[in-house]
Every structure is written in C-alpha cells, then in structure tokens.
Amino acid sequence: MLRKAFVMQVYPDCHEIYQQRHSPVWPELEQALKAHGAHHYSIYLDEQRSLLFACVEIESEERWEAIAQTEICQRWWASMRELMPSNADNSPVSQPLKPVFYLE
C-alpha cells in the first residue's frame with residue numbers, strides 16, 4: 001500500500017459548503033475511489049489558512065490516476081470548482097507533500 005499526502009485550498013468564504021458537500025460525499029464517487037484502490041482517505045481543513053490537507057492510501061499510482069478519467073470524478077470536480085482554486089480541467093490545484101515520518 002502506498003501513502004499519498006497533498007495540500008489544496010478552499011476559498012475562505014466556502015469552508016462550510018465544502019464540508020457540507022463531503023458530508024456525505026456522493027456515493028458514486030466513494031464507490032469509484034474504492035474501486036480504484038483508494039483506502040483511508042482523509043481531508044482536514046486548516047480554517048485559519050483555508051488550507052486542505054489530504055492523505056490517502058492507494059494500491060497503485062496508475063489506479064489512483066485513472067480515477068481522474070471517470071465520469072463521476074469529472075462531475076465532482078466541476079461541482080467543486082466554485083469552492084476552490086482549480087486547473088483548466090476542473091481538477092483542484094494541489095501540491096504533493098514529501099513523506100518525512102511515519103509511525104506504524
């Protein structure tokens with residue numbers, strides 16, 4: 001199992017709606033994530049900086065990257081675009097984080 005962590009941002013006036021859209025996340029999106037080998041996916045909000053910290057365990061990079069091509073992921077990104085900085089393909093702007101320490 002591989003672990004990934006990355007940061008994204010949410011617009012300061014969109015914290016509440018961002019959380020609402022994840023409570024719960026669309027069932028079809030959850031199914032797609034699981035079907036593509038994503039496990040233990042968490043997103044945390046630093047309200048002071050409007051920073052999102054995400055971490056996920058994945059079975060492979062290829063399966064993780066394939067999620068982006070699914071119709072449900074494309075619809076999700078389009079629905080979230082108004083809440084956070086996004087790329088031209090509607091994917092959220094994100095920066096990977098370098099692993100430094102892990103305690104099992």
# chains A, B, ... in the order shown; residues from 1 in each chain; ligands from 1
>>> residues_around(residues="Pro85 in chain A", least_positions_apart="4", cutoff="12 Å", atoms="only C-alpha atoms", output="ChimeraX atom specification")
/A:7-12,14,50-52,77-78,80-81,89-95
>>> residues_around(residues="range 26-40 of chain A", least_positions_apart="5", cutoff="8 Å", atoms="only C-alpha atoms", output="VMD selection string")
chain A and resid 55 to 60 63 to 64 66 to 67 70 72 to 73 76
>>> closest_residue(among="A:Glu71, A:Gln48, A:His15, A:Val100", to="Met84 in chain A", atoms="only C-alpha atoms")
A:His15
>>> closest_residue(among="A:Gln20, A:Glu61, A:Ala88, A:Leu103", to="Leu2 in chain A", atoms="only C-alpha atoms")
A:Glu61
>>> select_by_dssp(residues="range 6-89 of chain A", states="strand (DSSP E or B)", output="PyMOL selection string")
chain A and resi 6-9+38-46+51-58+86
>>> residues_around(residues="Gln19 in chain A", least_positions_apart="5", cutoff="10 Å", atoms="only C-alpha atoms", output="PyMOL selection string")
chain A and resi 14+24-25+43-45
>>> closest_residue(among="A:Ser79, A:Met1, A:Arg49, A:Glu65", to="Asp13 in chain A", atoms="only C-alpha atoms")
A:Arg49
>>> residues_around(residues="Tyr102 in chain A", least_positions_apart="3", cutoff="12 Å", atoms="only C-alpha atoms", output="number ranges by chain")
A: 3-5, 98-99
>>> select_by_dssp(residues="chain A", states="helix (DSSP H, G or I)", output="PDB file with N, CA, C and O atoms, in the first residue's frame")
ATOM      1  N   PRO A  12     -11.912  31.153   1.383  1.00  0.00           N
ATOM      2  CA  PRO A  12     -12.268  31.422   2.783  1.00  0.00           C
ATOM      3  C   PRO A  12     -13.767  31.463   3.061  1.00  0.00           C
ATOM      4  O   PRO A  12     -14.214  31.019   4.116  1.00  0.00           O
ATOM      5  N   ASP A  13     -14.557  31.940   2.119  1.00  0.00           N
ATOM      6  CA  ASP A  13     -15.999  32.020   2.357  1.00  0.00           C
ATOM      7  C   ASP A  13     -16.732  30.735   1.983  1.00  0.00           C
ATOM      8  O   ASP A  13     -17.965  30.693   2.004  1.00  0.00           O
ATOM      9  N   CYS A  14     -15.981  29.675   1.658  1.00  0.00           N
ATOM     10  CA  CYS A  14     -16.596  28.414   1.222  1.00  0.00           C
ATOM     11  C   CYS A  14     -16.325  27.241   2.160  1.00  0.00           C
ATOM     12  O   CYS A  14     -16.645  26.099   1.818  1.00  0.00           O
ATOM     13  N   HIS A  15     -15.766  27.492   3.330  1.00  0.00           N
ATOM     14  CA  HIS A  15     -15.441  26.398   4.253  1.00  0.00           C
ATOM     15  C   HIS A  15     -16.665  25.536   4.559  1.00  0.00           C
ATOM     16  O   HIS A  15     -16.599  24.311   4.485  1.00  0.00           O
ATOM     17  N   GLU A  16     -17.755  26.192   4.916  1.00  0.00           N
ATOM     18  CA  GLU A  16     -18.938  25.451   5.352  1.00  0.00           C
ATOM     19  C   GLU A  16     -19.525  24.610   4.215  1.00  0.00           C
ATOM     20  O   GLU A  16     -19.840  23.433   4.395  1.00  0.00           O
ATOM     21  N   ILE A  17     -19.664  25.194   3.048  1.00  0.00           N
ATOM     22  CA  ILE A  17     -20.243  24.442   1.934  1.00  0.00           C
ATOM     23  C   ILE A  17     -19.311  23.322   1.476  1.00  0.00           C
ATOM     24  O   ILE A  17     -19.759  22.250   1.100  1.00  0.00           O
ATOM     25  N   TYR A  18     -17.992  23.537   1.561  1.00  0.00           N
ATOM     26  CA  TYR A  18     -17.043  22.480   1.233  1.00  0.00           C
ATOM     27  C   TYR A  18     -17.278  21.277   2.154  1.00  0.00           C
ATOM     28  O   TYR A  18     -17.349  20.146   1.707  1.00  0.00           O
ATOM     29  N   GLN A  19     -17.416  21.554   3.434  1.00  0.00           N
ATOM     30  CA  GLN A  19     -17.651  20.472   4.387  1.00  0.00           C
ATOM     31  C   GLN A  19     -19.012  19.819   4.137  1.00  0.00           C
ATOM     32  O   GLN A  19     -19.129  18.589   4.185  1.00  0.00           O
ATOM     33  N   GLN A  20     -20.020  20.600   3.844  1.00  0.00           N
ATOM     34  CA  GLN A  20     -21.348  20.039   3.573  1.00  0.00           C
ATOM     35  C   GLN A  20     -21.324  19.100   2.379  1.00  0.00           C
ATOM     36  O   GLN A  20     -21.970  18.044   2.399  1.00  0.00           O
ATOM     37  N   ARG A  21     -20.573  19.459   1.347  1.00  0.00           N
ATOM     38  CA  ARG A  21     -20.524  18.612   0.148  1.00  0.00           C
ATOM     39  C   ARG A  21     -19.793  17.299   0.396  1.00  0.00           C
ATOM     40  O   ARG A  21     -19.926  16.364  -0.383  1.00  0.00           O
ATOM     41  N   PRO A  27     -22.201   8.980  -3.078  1.00  0.00           N
ATOM     42  CA  PRO A  27     -21.943   7.528  -3.012  1.00  0.00           C
ATOM     43  C   PRO A  27     -21.229   6.990  -4.251  1.00  0.00           C
ATOM     44  O   PRO A  27     -20.363   6.116  -4.148  1.00  0.00           O
ATOM     45  N   GLU A  28     -21.561   7.525  -5.438  1.00  0.00           N
ATOM     46  CA  GLU A  28     -20.909   7.059  -6.664  1.00  0.00           C
ATOM     47  C   GLU A  28     -19.424   7.404  -6.670  1.00  0.00           C
ATOM     48  O   GLU A  28     -18.615   6.643  -7.196  1.00  0.00           O
ATOM     49  N   LEU A  29     -19.079   8.547  -6.098  1.00  0.00           N
ATOM     50  CA  LEU A  29     -17.669   8.936  -6.021  1.00  0.00           C
ATOM     51  C   LEU A  29     -16.944   8.034  -5.032  1.00  0.00           C
ATOM     52  O   LEU A  29     -15.833   7.565  -5.302  1.00  0.00           O
ATOM     53  N   GLU A  30     -17.563   7.778  -3.903  1.00  0.00           N
ATOM     54  CA  GLU A  30     -16.967   6.869  -2.923  1.00  0.00           C
ATOM     55  C   GLU A  30     -16.725   5.494  -3.539  1.00  0.00           C
ATOM     56  O   GLU A  30     -15.651   4.908  -3.368  1.00  0.00           O
ATOM     57  N   GLN A  31     -17.686   4.997  -4.291  1.00  0.00           N
ATOM     58  CA  GLN A  31     -17.534   3.695  -4.946  1.00  0.00           C
ATOM     59  C   GLN A  31     -16.390   3.714  -5.958  1.00  0.00           C
ATOM     60  O   GLN A  31     -15.612   2.761  -6.037  1.00  0.00           O
ATOM     61  N   ALA A  32     -16.279   4.797  -6.726  1.00  0.00           N
ATOM     62  CA  ALA A  32     -15.203   4.903  -7.723  1.00  0.00           C
ATOM     63  C   ALA A  32     -13.835   4.930  -7.043  1.00  0.00           C
ATOM     64  O   ALA A  32     -12.888   4.289  -7.505  1.00  0.00           O
ATOM     65  N   LEU A  33     -13.727   5.681  -5.959  1.00  0.00           N
ATOM     66  CA  LEU A  33     -12.456   5.735  -5.229  1.00  0.00           C
ATOM     67  C   LEU A  33     -12.054   4.346  -4.741  1.00  0.00           C
ATOM     68  O   LEU A  33     -10.918   3.907  -4.938  1.00  0.00           O
ATOM     69  N   LYS A  34     -12.998   3.660  -4.123  1.00  0.00           N
ATOM     70  CA  LYS A  34     -12.708   2.316  -3.623  1.00  0.00           C
ATOM     71  C   LYS A  34     -12.393   1.348  -4.757  1.00  0.00           C
ATOM     72  O   LYS A  34     -11.484   0.527  -4.640  1.00  0.00           O
ATOM     73  N   ALA A  35     -13.137   1.449  -5.855  1.00  0.00           N
ATOM     74  CA  ALA A  35     -12.915   0.562  -6.996  1.00  0.00           C
ATOM     75  C   ALA A  35     -11.534   0.780  -7.628  1.00  0.00           C
ATOM     76  O   ALA A  35     -11.002  -0.122  -8.255  1.00  0.00           O
ATOM     77  N   GLU A  61      -0.222   3.866  -8.202  1.00  0.00           N
ATOM     78  CA  GLU A  61      -0.315   5.204  -8.795  1.00  0.00           C
ATOM     79  C   GLU A  61      -1.195   5.174 -10.042  1.00  0.00           C
ATOM     80  O   GLU A  61      -1.975   6.096 -10.279  1.00  0.00           O
ATOM     81  N   GLU A  62      -1.079   4.128 -10.842  1.00  0.00           N
ATOM     82  CA  GLU A  62      -1.843   4.036 -12.073  1.00  0.00           C
ATOM     83  C   GLU A  62      -3.342   4.016 -11.796  1.00  0.00           C
ATOM     84  O   GLU A  62      -4.113   4.715 -12.460  1.00  0.00           O
ATOM     85  N   ARG A  63      -3.757   3.222 -10.821  1.00  0.00           N
ATOM     86  CA  ARG A  63      -5.185   3.149 -10.480  1.00  0.00           C
ATOM     87  C   ARG A  63      -5.664   4.474  -9.898  1.00  0.00           C
ATOM     88  O   ARG A  63      -6.769   4.925 -10.183  1.00  0.00           O
ATOM     89  N   TRP A  64      -4.833   5.114  -9.075  1.00  0.00           N
ATOM     90  CA  TRP A  64      -5.174   6.411  -8.490  1.00  0.00           C
ATOM     91  C   TRP A  64      -5.369   7.452  -9.604  1.00  0.00           C
ATOM     92  O   TRP A  64      -6.338   8.191  -9.618  1.00  0.00           O
ATOM     93  N   GLU A  65      -4.436   7.499 -10.543  1.00  0.00           N
ATOM     94  CA  GLU A  65      -4.513   8.476 -11.627  1.00  0.00           C
ATOM     95  C   GLU A  65      -5.701   8.200 -12.554  1.00  0.00           C
ATOM     96  O   GLU A  65      -6.258   9.128 -13.140  1.00  0.00           O
ATOM     97  N   ALA A  66      -6.110   6.945 -12.672  1.00  0.00           N
ATOM     98  CA  ALA A  66      -7.235   6.586 -13.541  1.00  0.00           C
ATOM     99  C   ALA A  66      -8.564   7.140 -13.028  1.00  0.00           C
ATOM    100  O   ALA A  66      -9.504   7.326 -13.817  1.00  0.00           O
ATOM    101  N   ILE A  67      -8.660   7.428 -11.748  1.00  0.00           N
ATOM    102  CA  ILE A  67      -9.900   7.979 -11.189  1.00  0.00           C
ATOM    103  C   ILE A  67     -10.262   9.278 -11.911  1.00  0.00           C
ATOM    104  O   ILE A  67     -11.428   9.559 -12.163  1.00  0.00           O
ATOM    105  N   ALA A  68      -9.262  10.071 -12.243  1.00  0.00           N
ATOM    106  CA  ALA A  68      -9.493  11.365 -12.895  1.00  0.00           C
ATOM    107  C   ALA A  68     -10.234  11.234 -14.215  1.00  0.00           C
ATOM    108  O   ALA A  68     -10.898  12.175 -14.657  1.00  0.00           O
ATOM    109  N   GLN A  69     -10.165  10.081 -14.845  1.00  0.00           N
ATOM    110  CA  GLN A  69     -10.812   9.869 -16.144  1.00  0.00           C
ATOM    111  C   GLN A  69     -12.257   9.395 -16.014  1.00  0.00           C
ATOM    112  O   GLN A  69     -12.959   9.300 -17.012  1.00  0.00           O
ATOM    113  N   GLU A  71     -16.241   9.464 -15.216  1.00  0.00           N
ATOM    114  CA  GLU A  71     -17.297  10.469 -15.375  1.00  0.00           C
ATOM    115  C   GLU A  71     -17.675  11.075 -14.029  1.00  0.00           C
ATOM    116  O   GLU A  71     -17.885  12.286 -13.917  1.00  0.00           O
ATOM    117  N   ILE A  72     -17.742  10.255 -12.988  1.00  0.00           N
ATOM    118  CA  ILE A  72     -18.152  10.765 -11.675  1.00  0.00           C
ATOM    119  C   ILE A  72     -17.116  11.731 -11.115  1.00  0.00           C
ATOM    120  O   ILE A  72     -17.471  12.746 -10.520  1.00  0.00           O
ATOM    121  N   CYS A  73     -15.852  11.443 -11.306  1.00  0.00           N
ATOM    122  CA  CYS A  73     -14.809  12.351 -10.835  1.00  0.00           C
ATOM    123  C   CYS A  73     -14.878  13.677 -11.598  1.00  0.00           C
ATOM    124  O   CYS A  73     -14.756  14.755 -11.008  1.00  0.00           O
ATOM    125  N   GLN A  74     -15.099  13.619 -12.896  1.00  0.00           N
ATOM    126  CA  GLN A  74     -15.213  14.838 -13.707  1.00  0.00           C
ATOM    127  C   GLN A  74     -16.387  15.698 -13.228  1.00  0.00           C
ATOM    128  O   GLN A  74     -16.268  16.914 -13.118  1.00  0.00           O
ATOM    129  N   ARG A  75     -17.514  15.059 -12.916  1.00  0.00           N
ATOM    130  CA  ARG A  75     -18.680  15.805 -12.407  1.00  0.00           C
ATOM    131  C   ARG A  75     -18.393  16.404 -11.042  1.00  0.00           C
ATOM    132  O   ARG A  75     -18.789  17.527 -10.745  1.00  0.00           O
ATOM    133  N   TRP A  76     -17.700  15.645 -10.171  1.00  0.00           N
ATOM    134  CA  TRP A  76     -17.347  16.133  -8.836  1.00  0.00           C
ATOM    135  C   TRP A  76     -16.457  17.365  -8.946  1.00  0.00           C
ATOM    136  O   TRP A  76     -16.707  18.380  -8.299  1.00  0.00           O
ATOM    137  N   TRP A  77     -15.415  17.255  -9.744  1.00  0.00           N
ATOM    138  CA  TRP A  77     -14.510  18.402  -9.913  1.00  0.00           C
ATOM    139  C   TRP A  77     -15.272  19.629 -10.408  1.00  0.00           C
ATOM    140  O   TRP A  77     -15.052  20.724  -9.909  1.00  0.00           O
ATOM    141  N   ALA A  78     -16.154  19.437 -11.375  1.00  0.00           N
ATOM    142  CA  ALA A  78     -16.927  20.568 -11.908  1.00  0.00           C
ATOM    143  C   ALA A  78     -17.786  21.192 -10.812  1.00  0.00           C
ATOM    144  O   ALA A  78     -17.910  22.414 -10.741  1.00  0.00           O
ATOM    145  N   SER A  79     -18.336  20.364  -9.934  1.00  0.00           N
ATOM    146  CA  SER A  79     -19.194  20.885  -8.860  1.00  0.00           C
ATOM    147  C   SER A  79     -18.392  21.595  -7.770  1.00  0.00           C
ATOM    148  O   SER A  79     -18.924  22.437  -7.055  1.00  0.00           O
ATOM    149  N   MET A  80     -17.114  21.267  -7.645  1.00  0.00           N
ATOM    150  CA  MET A  80     -16.275  21.857  -6.596  1.00  0.00           C
ATOM    151  C   MET A  80     -15.499  23.077  -7.075  1.00  0.00           C
ATOM    152  O   MET A  80     -14.946  23.818  -6.279  1.00  0.00           O
ATOM    153  N   ARG A  81     -15.458  23.296  -8.373  1.00  0.00           N
ATOM    154  CA  ARG A  81     -14.665  24.378  -8.965  1.00  0.00           C
ATOM    155  C   ARG A  81     -14.957  25.743  -8.343  1.00  0.00           C
ATOM    156  O   ARG A  81     -14.064  26.555  -8.169  1.00  0.00           O
ATOM    157  N   GLU A  82     -16.213  26.000  -8.012  1.00  0.00           N
ATOM    158  CA  GLU A  82     -16.584  27.299  -7.445  1.00  0.00           C
ATOM    159  C   GLU A  82     -16.090  27.482  -6.011  1.00  0.00           C
ATOM    160  O   GLU A  82     -16.109  28.595  -5.493  1.00  0.00           O
ATOM    161  N   LEU A  83     -15.638  26.403  -5.370  1.00  0.00           N
ATOM    162  CA  LEU A  83     -15.241  26.461  -3.968  1.00  0.00           C
ATOM    163  C   LEU A  83     -13.733  26.548  -3.745  1.00  0.00           C
ATOM    164  O   LEU A  83     -13.296  26.849  -2.634  1.00  0.00           O
TER     165      LEU A  83
END
